[in-house]
Structures are given as structure tokens and as C-alpha cells.
$ cat target_25.tsv   # TSV, C-alpha atoms
chain	number	residue	atom	x	y	z
A	1	MET	CA	-0.42	7.91	-25.60
A	2	GLU	CA	-2.74	4.96	-25.09
A	3	LEU	CA	-3.69	3.96	-21.56
A	4	ILE	CA	-4.13	0.21	-21.09
A	5	LEU	CA	-5.60	-0.79	-17.72
A	6	HIS	CA	-5.43	-4.31	-16.32
A	7	LEU	CA	-8.00	-4.71	-13.55
A	8	GLY	CA	-6.40	-7.57	-11.68
A	9	VAL	CA	-9.18	-9.82	-10.50
A	10	HIS	CA	-7.75	-11.68	-7.51
A	11	ARG	CA	-6.47	-15.20	-8.19
A	12	THR	CA	-6.37	-14.93	-11.99
A	13	GLY	CA	-2.62	-14.86	-12.58
A	14	SER	CA	-2.22	-11.12	-11.99
A	15	THR	CA	1.03	-11.44	-10.03
A	16	ALA	CA	2.59	-13.66	-12.71
A	17	LEU	CA	1.51	-11.17	-15.36
A	18	GLN	CA	3.01	-8.26	-13.44
A	19	ARG	CA	6.27	-10.14	-12.96
A	20	MET	CA	6.49	-10.84	-16.68
A	21	LEU	CA	5.88	-7.20	-17.60
A	22	ASN	CA	8.40	-6.04	-14.98
A	23	GLY	CA	10.95	-8.57	-16.17
A	24	THR	CA	10.66	-7.43	-19.78
A	25	SER	CA	10.44	-3.70	-19.05
A	26	SER	CA	13.62	-2.89	-21.03
A	27	MET	CA	12.26	-4.73	-24.05
A	28	LEU	CA	8.93	-2.94	-23.72
A	29	GLU	CA	10.51	0.50	-23.29
A	30	ALA	CA	12.47	-0.06	-26.50
A	31	VAL	CA	9.20	-0.22	-28.44
A	32	GLY	CA	7.52	2.65	-26.58
A	33	VAL	CA	5.61	0.66	-23.96
A	34	ARG	CA	5.88	1.51	-20.26
A	35	PHE	CA	4.57	-0.58	-17.38
A	36	TRP	CA	3.21	0.63	-14.04
A	37	GLY	CA	2.53	-2.20	-11.64
A	38	PRO	CA	2.08	-2.29	-7.87
A	39	GLN	CA	5.54	-0.74	-7.47
A	40	VAL	CA	4.01	2.49	-8.84
A	41	MET	CA	0.33	2.12	-7.95
A	42	ARG	CA	0.99	1.35	-4.26
A	43	ILE	CA	3.64	3.95	-3.46
A	44	GLY	CA	3.06	5.38	0.02
A	45	HIS	CA	-0.57	6.17	0.68
A	46	LEU	CA	-1.52	5.90	-2.99
A	47	ARG	CA	-2.47	2.30	-2.23
A	48	ASP	CA	-5.25	3.65	0.02
A	49	PHE	CA	-6.75	6.02	-2.55
A	50	VAL	CA	-9.25	3.74	-4.29
A	51	PRO	CA	-10.53	1.84	-1.21
A	52	SER	CA	-10.84	5.07	0.79
A	53	VAL	CA	-12.82	6.81	-1.94
A	54	ALA	CA	-14.98	3.71	-2.49
A	55	ARG	CA	-15.86	3.32	1.18
A	56	ALA	CA	-16.50	7.02	1.73
A	57	GLY	CA	-19.66	7.06	-0.36
A	58	SER	CA	-20.93	10.63	-0.65
A	59	ASP	CA	-18.25	11.92	1.73
A	60	ALA	CA	-15.83	13.97	-0.39
A	61	ALA	CA	-13.19	14.24	2.34
A	62	PRO	CA	-11.15	11.16	1.32
A	63	LEU	CA	-11.03	12.30	-2.29
A	64	ALA	CA	-9.80	15.72	-1.18
A	65	GLN	CA	-7.27	14.13	1.19
A	66	PHE	CA	-5.74	11.98	-1.52
A	67	ALA	CA	-6.16	14.48	-4.36
A	68	PRO	CA	-2.47	15.51	-4.29
A	69	MET	CA	-1.46	11.88	-4.83
A	70	ALA	CA	-3.78	11.53	-7.80
A	71	ALA	CA	-2.46	14.83	-9.14
A	72	ALA	CA	1.11	13.52	-8.84
A	73	LEU	CA	0.11	10.42	-10.78
A	74	HIS	CA	-1.45	12.64	-13.44
A	75	ASP	CA	1.87	14.49	-13.68
A	76	GLU	CA	3.71	11.20	-14.15
A	77	PHE	CA	1.22	10.31	-16.87
A	78	ALA	CA	1.94	13.60	-18.66
A	79	LEU	CA	5.69	13.05	-18.27
A	80	ALA	CA	5.49	9.60	-19.84
A	81	GLU	CA	3.56	11.06	-22.75
A	82	SER	CA	6.15	13.83	-23.22
A	83	GLU	CA	8.92	11.21	-23.25
A	84	GLY	CA	7.38	9.52	-26.26
A	85	VAL	CA	5.75	6.56	-24.55
A	86	ARG	CA	3.10	5.35	-26.98
A	87	ARG	CA	1.38	2.87	-24.65
A	88	LEU	CA	1.18	2.90	-20.85
A	89	ILE	CA	0.11	-0.36	-19.20
A	90	VAL	CA	-1.22	-0.13	-15.64
A	91	SER	CA	-1.89	-3.27	-13.60
A	92	ASP	CA	-3.06	-3.65	-10.02
A	93	GLU	CA	-5.27	-5.99	-8.00
A	94	ASN	CA	-6.67	-3.38	-5.63
A	95	LEU	CA	-8.79	-1.38	-8.06
A	96	LEU	CA	-11.94	-3.49	-8.27
A	97	GLY	CA	-12.56	-4.51	-4.67
A	98	ALA	CA	-11.14	-6.40	-1.71
A	99	MET	CA	-10.62	-10.15	-1.70
A	100	ARG	CA	-11.73	-10.46	1.93
A	101	ASP	CA	-14.99	-8.64	1.12
A	102	ASN	CA	-15.69	-11.21	-1.59
A	103	TYR	CA	-15.15	-14.12	0.78
A	104	ASP	CA	-17.13	-12.58	3.64
A	105	SER	CA	-20.09	-11.68	1.41
A	106	GLY	CA	-19.96	-14.77	-0.79
A	107	ALA	CA	-20.37	-12.41	-3.75
A	108	LEU	CA	-18.28	-11.10	-6.62
A	109	TYR	CA	-17.01	-7.60	-5.92
A	110	PRO	CA	-20.30	-6.29	-4.49
A	111	ASP	CA	-18.96	-2.71	-4.35
A	112	ALA	CA	-17.19	-2.77	-7.71
A	113	ARG	CA	-18.87	0.34	-9.06
A	114	ALA	CA	-17.72	2.48	-6.11
A	115	TRP	CA	-14.18	1.13	-6.39
A	116	LEU	CA	-14.13	1.77	-10.13
A	117	ILE	CA	-15.21	5.38	-9.61
A	118	GLY	CA	-12.18	5.74	-7.34
A	119	THR	CA	-10.02	4.08	-9.99
A	120	ALA	CA	-11.25	6.51	-12.64
A	121	ALA	CA	-10.11	9.43	-10.47
A	122	LEU	CA	-6.54	8.12	-10.56
A	123	PHE	CA	-6.08	8.91	-14.24
A	124	PRO	CA	-6.37	12.10	-16.29
A	125	ARG	CA	-8.48	10.32	-18.89
A	126	ALA	CA	-10.32	7.06	-19.39
A	127	PRO	CA	-8.34	3.99	-20.49
A	128	ASN	CA	-8.36	3.11	-24.16
A	129	GLU	CA	-8.58	-0.57	-23.25
A	130	ILE	CA	-9.37	-2.44	-20.04
A	131	TYR	CA	-8.35	-6.07	-19.54
A	132	ILE	CA	-9.93	-8.40	-17.02
A	133	GLY	CA	-9.61	-12.14	-16.34
A	134	LEU	CA	-12.61	-14.21	-15.23
A	135	ARG	CA	-12.48	-17.48	-13.32
A	136	ASP	CA	-14.83	-20.39	-12.66
A	137	TYR	CA	-16.89	-19.60	-9.57
A	138	ALA	CA	-15.99	-22.69	-7.53
A	139	GLU	CA	-12.28	-22.40	-8.31
A	140	TYR	CA	-12.37	-18.69	-7.51
A	141	ALA	CA	-13.96	-19.22	-4.08
A	142	VAL	CA	-11.44	-21.92	-3.11
A	143	SER	CA	-8.51	-19.88	-4.40
A	144	ILE	CA	-9.34	-16.71	-2.47
A	145	TYR	CA	-9.74	-18.73	0.73
A	146	SER	CA	-6.41	-20.47	0.08
A	147	HIS	CA	-4.76	-17.08	-0.27
A	148	LEU	CA	-6.44	-15.49	2.74
A	149	VAL	CA	-5.39	-18.34	5.03
A	150	LEU	CA	-1.76	-17.54	4.20
A	151	ARG	CA	-2.25	-14.01	5.51
A	152	ARG	CA	-4.40	-14.45	8.63
A	153	ALA	CA	-6.18	-16.96	10.84
A	154	MET	CA	-9.34	-18.20	9.15
A	155	ALA	CA	-12.23	-20.37	10.24
A	156	ASP	CA	-12.81	-23.50	8.18
A	157	PHE	CA	-14.07	-22.91	4.65
A	158	ASP	CA	-17.82	-22.30	4.67
A	159	SER	CA	-19.18	-23.64	1.39
A	160	SER	CA	-22.73	-22.58	2.28
A	161	ARG	CA	-21.92	-18.91	1.74
A	162	PHE	CA	-21.14	-19.63	-1.92
A	163	VAL	CA	-24.30	-21.54	-2.81
A	164	THR	CA	-25.61	-18.55	-4.74
A	165	LEU	CA	-22.23	-17.29	-6.03
A	166	GLY	CA	-22.68	-16.01	-9.55
A	167	GLU	CA	-26.45	-16.45	-9.44
A	168	GLY	CA	-27.69	-12.93	-8.77
A	169	ARG	CA	-24.35	-11.26	-9.39
A	170	GLY	CA	-22.06	-13.03	-11.83
A	171	TRP	CA	-19.13	-11.81	-13.88
A	172	SER	CA	-21.54	-10.24	-16.36
A	173	ALA	CA	-22.81	-7.94	-13.58
A	174	VAL	CA	-19.24	-6.98	-12.65
A	175	LEU	CA	-18.57	-6.19	-16.31
A	176	ALA	CA	-21.78	-4.13	-16.47
A	177	ASP	CA	-20.45	-2.02	-13.57
A	178	LEU	CA	-17.20	-1.65	-15.46
A	179	VAL	CA	-18.74	-0.35	-18.68
A	180	THR	CA	-21.03	1.95	-16.70
A	181	VAL	CA	-18.02	3.70	-15.14
A	182	PHE	CA	-15.89	3.51	-18.30
A	183	PRO	CA	-18.41	3.72	-21.18
A	184	ASN	CA	-15.83	4.82	-23.74
A	185	SER	CA	-13.20	2.19	-22.98
A	186	ARG	CA	-12.88	-1.07	-24.89
A	187	VAL	CA	-13.16	-3.92	-22.39
A	188	ARG	CA	-11.45	-7.22	-23.21
A	189	ALA	CA	-12.10	-10.26	-21.01
A	190	TRP	CA	-10.36	-13.60	-20.97
A	191	ARG	CA	-11.01	-16.86	-19.22
A	192	TYR	CA	-8.50	-17.86	-16.55
A	193	GLU	CA	-6.97	-21.27	-17.15
A	194	ARG	CA	-3.80	-22.88	-15.79
A	195	ARG	CA	-1.93	-22.84	-19.11
A	196	ARG	CA	1.62	-21.71	-19.80
A	197	ASP	CA	0.48	-19.55	-22.73
A	198	MET	CA	-2.12	-17.60	-20.74
A	199	VAL	CA	0.13	-15.03	-19.05
A	200	PRO	CA	2.34	-14.23	-22.08
A	201	GLY	CA	-0.75	-14.14	-24.29
A	202	VAL	CA	-2.40	-11.50	-22.12
A	203	ALA	CA	0.85	-9.53	-21.81
A	204	ARG	CA	1.29	-9.58	-25.59
A	205	ALA	CA	-2.27	-8.40	-26.15
A	206	MET	CA	-1.82	-5.48	-23.74
A	207	ALA	CA	1.60	-4.51	-25.08
A	208	GLY	CA	0.81	-5.00	-28.76
A	209	GLN	CA	1.08	-8.20	-30.74
A	210	SER	CA	4.39	-7.11	-32.29
A	211	VAL	CA	6.15	-7.46	-28.93
A	212	ASP	CA	7.84	-10.86	-28.65
A	213	LEU	CA	7.67	-11.86	-24.97
A	214	PRO	CA	9.27	-15.06	-23.66
A	215	PRO	CA	7.07	-17.81	-22.21
A	216	PRO	CA	7.05	-18.23	-18.43
A	217	LYS	CA	9.03	-21.10	-16.95
A	218	LEU	CA	6.01	-22.53	-15.18
A	219	ALA	CA	2.27	-22.63	-15.68
A	220	PRO	CA	0.08	-20.96	-13.02
A	221	THR	CA	0.01	-23.22	-10.00
A	222	GLY	CA	-2.95	-24.98	-8.46
A	223	GLY	CA	-4.31	-24.35	-4.98
A	224	LEU	CA	-3.21	-25.65	-1.60
A	225	SER	CA	-3.31	-29.33	-0.76
A	226	ARG	CA	-5.58	-30.43	2.07
A	227	PRO	CA	-2.57	-31.39	4.27
A	228	ALA	CA	-0.98	-27.99	3.62
A	229	LEU	CA	-4.17	-26.18	4.56
A	230	ASP	CA	-4.53	-28.19	7.77
A	231	ALA	CA	-0.92	-27.45	8.74
A	232	ILE	CA	-1.32	-23.74	8.02
A	233	ARG	CA	-4.51	-23.45	10.07
A	234	ALA	CA	-2.85	-25.32	12.93
A	235	ALA	CA	0.07	-22.89	12.82
A	236	TRP	CA	-2.27	-19.91	13.04
A	237	SER	CA	-4.12	-21.46	15.98
A	238	ARG	CA	-1.02	-21.64	18.18
A	239	PRO	CA	-0.84	-18.80	20.74
A	240	GLY	CA	1.79	-16.10	20.50
A	241	GLY	CA	3.95	-15.10	17.58
A	242	ARG	CA	3.88	-12.02	15.41
A	243	THR	CA	1.77	-11.84	12.27
A	244	ALA	CA	4.78	-11.56	9.95
A	245	GLU	CA	6.33	-14.67	11.51
A	246	ARG	CA	3.10	-16.61	11.12
A	247	GLN	CA	2.78	-15.52	7.51
A	248	ALA	CA	6.32	-16.70	6.78
A	249	GLU	CA	5.55	-20.04	8.43
A	250	ALA	CA	2.33	-20.36	6.43
A	251	ALA	CA	4.19	-19.67	3.18
A	252	ALA	CA	6.72	-22.39	4.04
A	253	LEU	CA	3.93	-24.89	4.75
A	254	ALA	CA	2.10	-24.11	1.49
A	255	GLY	CA	4.30	-26.51	-0.46
A	256	ILE	CA	3.18	-29.61	1.43
A	257	GLU	CA	1.91	-32.08	-1.14
A	258	GLY	CA	-1.21	-34.18	-1.01
A	259	PRO	CA	-4.78	-34.26	-2.29
A	260	THR	CA	-5.99	-30.88	-3.50
A	261	PHE	CA	-8.16	-28.93	-1.08
A	262	ASP	CA	-11.70	-29.10	-2.48
A	263	PRO	CA	-14.41	-28.18	0.04
A	264	PHE	CA	-17.35	-28.41	-2.37
A	265	ASP	CA	-19.42	-31.53	-2.76
A	266	ALA	CA	-19.75	-32.75	-6.34
A	267	LYS	CA	-23.30	-31.45	-6.74
A	268	LEU	CA	-22.54	-27.88	-5.61
A	269	ARG	CA	-19.31	-27.73	-7.61
A	270	ALA	CA	-21.15	-28.87	-10.74
A	271	ARG	CA	-23.83	-26.24	-10.15
A	272	LEU	CA	-21.25	-23.45	-9.73
A	273	THR	CA	-19.31	-24.54	-12.80
A	274	ALA	CA	-22.47	-24.73	-14.91
A	275	ARG	CA	-23.41	-21.26	-13.69
A	276	PHE	CA	-20.02	-19.92	-14.76
A	277	GLU	CA	-20.23	-21.59	-18.17
A	278	THR	CA	-23.64	-20.03	-18.77
A	279	ASP	CA	-22.38	-16.60	-17.76
A	280	TRP	CA	-19.26	-16.96	-19.91
A	281	ARG	CA	-21.34	-17.88	-22.97
A	282	ARG	CA	-23.53	-14.83	-22.40
A	283	ILE	CA	-20.50	-12.56	-22.14
A	284	ALA	CA	-18.89	-14.13	-25.22
A	285	SER	CA	-22.08	-13.62	-27.21
A	286	GLY	CA	-22.06	-9.89	-26.51
A	287	ALA	CA	-24.58	-9.73	-23.66
A	288	VAL	CA	-22.62	-6.88	-22.06
A	289	PRO	CA	-22.25	-4.09	-24.65
A	290	GLY	CA	-18.69	-2.83	-24.94
A	291	VAL	CA	-17.12	-6.12	-23.81
A	292	THR	CA	-15.37	-8.63	-26.07
A	293	VAL	CA	-13.66	-11.85	-25.07
A	294	PHE	CA	-10.37	-13.18	-26.36
A	295	ASP	CA	-8.22	-16.27	-26.09
A	296	PRO	CA	-4.74	-15.30	-24.85
A	297	ALA	CA	-3.28	-18.11	-26.97
A	298	ALA	CA	-4.75	-16.65	-30.15
A	299	SER	CA	-3.66	-13.53	-31.99
A	300	GLU	CA	-7.09	-11.98	-32.43
A	301	ALA	CA	-10.14	-11.31	-30.27
A	302	VAL	CA	-13.03	-13.72	-30.65
A	303	ARG	CA	-16.74	-13.13	-30.16
$ encode --input "target_25.tsv" --output "C-alpha cells"
Amino acid sequence: MELILHLGVHRTGSTALQRMLNGTSSMLEAVGVRFWGPQVMRIGHLRDFVPSVARAGSDAAPLAQFAPMAAALHDEFALAESEGVRRLIVSDENLLGAMRDNYDSGALYPDARAWLIGTAALFPRAPNEIYIGLRDYAEYAVSIYSHLVLRRAMADFDSSRFVTLGEGRGWSAVLADLVTVFPNSRVRAWRYERRRDMVPGVARAMAGQSVDLPPPKLAPTGGLSRPALDAIRAAWSRPGGRTAERQAEAAALAGIEGPTFDPFDAKLRARLTARFETDWRRIASGAVPGVTVFDPAASEAVR
């Protein structure tokens, strides 16, 4: 049985991808493909396994504490194999690092290697293939802030913390961590774009090109509008109220239309975009051994 791992980089269409794979699970099962998304990977305290191991460093206690959960997942893996599943797709967004850590540090998954070591312990063997989506640095920074503000009170966006985003540690460095932890896995990276064919293209690649998946009804959405963001922050600033109630209110306010929230001045945005384009070209040219890039809209990987 092949193990296909989707490392869900935050804000790259991971939720839409998981919904598509969940929604077509019967079709996938019919051709020997099984999907494990957050509904499997976050059962009980299993959701805490990777972050606990990553943050423990040399302390082996967390690994020992969660070992029975990993063992249970290994048993489920063996069961799927015995049932004739030919390809197991696993997708989760909490295997590479925490979104809040990225925003606070102004860096891309600074502890990725430690998190990936924890991820490796979840499975009885290394993945055959690992899929990962990469996003323009400026868009990524704005998107993670727009998501975080829906979950908790946030200070105004601080563009200064992202001046060096991607400079010392770009996506190529994250990919280098990935191939260091999983040297025998084939890593396939794609470029996040708001296109209707992106999500089904990635799903098809992970499931096998012979699987005919329906297109999504909508393309991935853009970020919050400036009026929506202002209304959400104002809601969080009011005293009283439980967190769940505030989150529900924030979600309701997210649909307010208006000019898109863009906190970067033109010069800094251009610099971040140019930095991403340079990094993407390096990755596409094979600068990180073991990594290939592909266009989800195409049927074959491109280099």
C-alpha cells in the first residue's frame, strides 16, 4: 500500500482539498484509495502528538506519553493494507508547524524539522509521496493574519515583521527540512493560485490520474475586505462575551464586502513577490534534491 502525505501548508486550499476528498470518499474507495483527513488525524489527543513531540526537544516523555496513539494509528494503517487499500492519502494542516508561530516570528515554519520528526513517528513507514503547496510570501502573511483574527483578538497587522520573510528562510529551506526528515520520499510541490482547477488537480494527482473527480463549485476565495477586518477587530475589542460567541460573530462579519485588506505598501509587496518568484524558480529548477514541482491543471509533473 502506498502512503501519500499532504502536508497542509496553512492558507493554501487545504480545507477545500480535504472537503473534496471527503466528499468523493465512496468513489475513491471503489478504486482502492482511502482518505484520512482531520477527522482521523485529530481524534482525541492524537491532534497533540506532533506539536508535543516537536516542542519537547530532547525530552522523550511526550513521545512515550502519546506512543499508544501512534501505535493505534499504525494498527489502522495495517488494517487498511489488509483490506486491499492500494493508496492511503493522509492530509492535515498541523504537521508542519503552527500558523500563530509563523505570524509571531515573521518566518516560515521555523521549527519545521522538529514537527516533521514528530510527523514521521505517526506512521509505520515513510510516505511514498509528499505533497505541499507554496504561496507568495506577501499573500501568505496577509492570509494567516486574516485567519487568526477570526479566532482571537489581534493587534493591527505589523508589516515590519515580514520585511525579511523568505529572505533567510524561504520555501526552499522548508523543503530542505522536509527532504532531510524524509530522504526516501518523493516530494511534489505546487504553486497556490486562486483557480478552480487547483484543488481537483491536486486531489487527482494524489489519488491517481485515473480517478475522475468533479470540479469544485467555487474557486478558492480571496482574503478579508478592509471593512470586514475593521468590524471583526471592533467585535473582539468589546468587553465580555465567550470566545466561541466572538468567533461566530467574526465569521458572520467576514462576508462584509469592500476593498481587499492589503497592509503592505507597493514597494514591500513587490519585494516580497520578487523574492517568492526567485525562490520558486530555484525550486522548479531542482535546487532542492528530491523535490519536483507540478501544475495541478496539467497531467504530468514539470521541472
$ atom_distance --input "target_25.tsv" --atom1 "CA of Asp262 in chain A" --atom2 "CA of Ala284 in chain A"
28.2 Å
$ closest_residue --input "target_25.tsv" --among "A:Gly84, A:Gly290, A:Gly223, A:Gly168" --to "His147 in chain A" --atoms "only C-alpha atoms"
A:Gly223
$ atom_distance --input "target_25.tsv" --atom1 "CA of Gly37 in chain A" --atom2 "CA of Leu88 in chain A"
10.6 Å
$ closest_residue --input "target_25.tsv" --among "A:Val90, A:Leu213, A:Ala298, A:Ile117" --to "Arg34 in chain A" --atoms "all atoms listed in the file"
A:Val90
$ residues_around --input "target_25.tsv" --residues "range 62-74 of chain A" --least-positions-apart "4" --cutoff "7 Å" --atoms "only C-alpha atoms" --output "PDB file with C-alpha atoms, in the coordinates of the input"
ATOM      1  CA  LEU A  46      -1.520   5.900  -2.990  1.00  0.00           C
ATOM      2  CA  PHE A  49      -6.750   6.020  -2.550  1.00  0.00           C
ATOM      3  CA  SER A  52     -10.840   5.070   0.790  1.00  0.00           C
ATOM      4  CA  VAL A  53     -12.820   6.810  -1.940  1.00  0.00           C
ATOM      5  CA  ALA A  56     -16.500   7.020   1.730  1.00  0.00           C
ATOM      6  CA  ALA A  78       1.940  13.600 -18.660  1.00  0.00           C
ATOM      7  CA  LEU A 122      -6.540   8.120 -10.560  1.00  0.00           C
ATOM      8  CA  PHE A 123      -6.080   8.910 -14.240  1.00  0.00           C
ATOM      9  CA  PRO A 124      -6.370  12.100 -16.290  1.00  0.00           C
TER      10      PRO A 124
END
$ atom_distance --input "target_25.tsv" --atom1 "CA of Ala126 in chain A" --atom2 "CA of Asp75 in chain A"
15.4 Å
$ closest_residue --input "target_25.tsv" --among "A:Ala30, A:Gly13, A:Leu229, A:Gly44" --to "Gly201 in chain A" --atoms "only C-alpha atoms"
A:Gly13
$ closest_residue --input "target_25.tsv" --among "A:Met1, A:Leu178, A:Val33, A:Val291" --to "Met206 in chain A" --atoms "all atoms listed in the file"
A:Val33
$ closest_residue --input "target_25.tsv" --among "A:Phe261, A:Tyr109, A:Trp36, A:Tyr140" --to "Arg191 in chain A" --atoms "only C-alpha atoms"
A:Tyr140
$ closest_residue --input "target_25.tsv" --among "A:Ile144, A:Leu116, A:Ile132, A:Ala189" --to "Ala54 in chain A" --atoms "only C-alpha atoms"
A:Leu116
$ residues_around --input "target_25.tsv" --residues "Val187 in chain A" --least-positions-apart "4" --cutoff "12 Å" --atoms "all atoms listed in the file" --output "PyMOL selection string"
chain A and resi 4-7+126-133+174-183+206+283+286+288-294+301
$ residues_near_point --input "target_25.tsv" --point "(1.5, -17.0, 12.7)" --cutoff "10 Å" --atoms "all atoms listed in the file" --output "tab-separated table (two decimals) with C-alpha atoms, in the frame of the given file"
chain	number	residue	atom	x	y	z
A	150	LEU	CA	-1.76	-17.54	4.20
A	151	ARG	CA	-2.25	-14.01	5.51
A	152	ARG	CA	-4.40	-14.45	8.63
A	153	ALA	CA	-6.18	-16.96	10.84
A	232	ILE	CA	-1.32	-23.74	8.02
A	233	ARG	CA	-4.51	-23.45	10.07
A	234	ALA	CA	-2.85	-25.32	12.93
A	235	ALA	CA	0.07	-22.89	12.82
A	236	TRP	CA	-2.27	-19.91	13.04
A	237	SER	CA	-4.12	-21.46	15.98
A	238	ARG	CA	-1.02	-21.64	18.18
A	239	PRO	CA	-0.84	-18.80	20.74
A	240	GLY	CA	1.79	-16.10	20.50
A	241	GLY	CA	3.95	-15.10	17.58
A	242	ARG	CA	3.88	-12.02	15.41
A	243	THR	CA	1.77	-11.84	12.27
A	244	ALA	CA	4.78	-11.56	9.95
A	245	GLU	CA	6.33	-14.67	11.51
A	246	ARG	CA	3.10	-16.61	11.12
A	247	GLN	CA	2.78	-15.52	7.51
A	248	ALA	CA	6.32	-16.70	6.78
A	249	GLU	CA	5.55	-20.04	8.43
A	250	ALA	CA	2.33	-20.36	6.43
$ residues_around --input "target_25.tsv" --residues "Ser159 in chain A" --least-positions-apart "6" --cutoff "9 Å" --atoms "all atoms listed in the file" --output "list in words"
Ala141, Pro263, Phe264, Asp265 and Leu268 of chain A
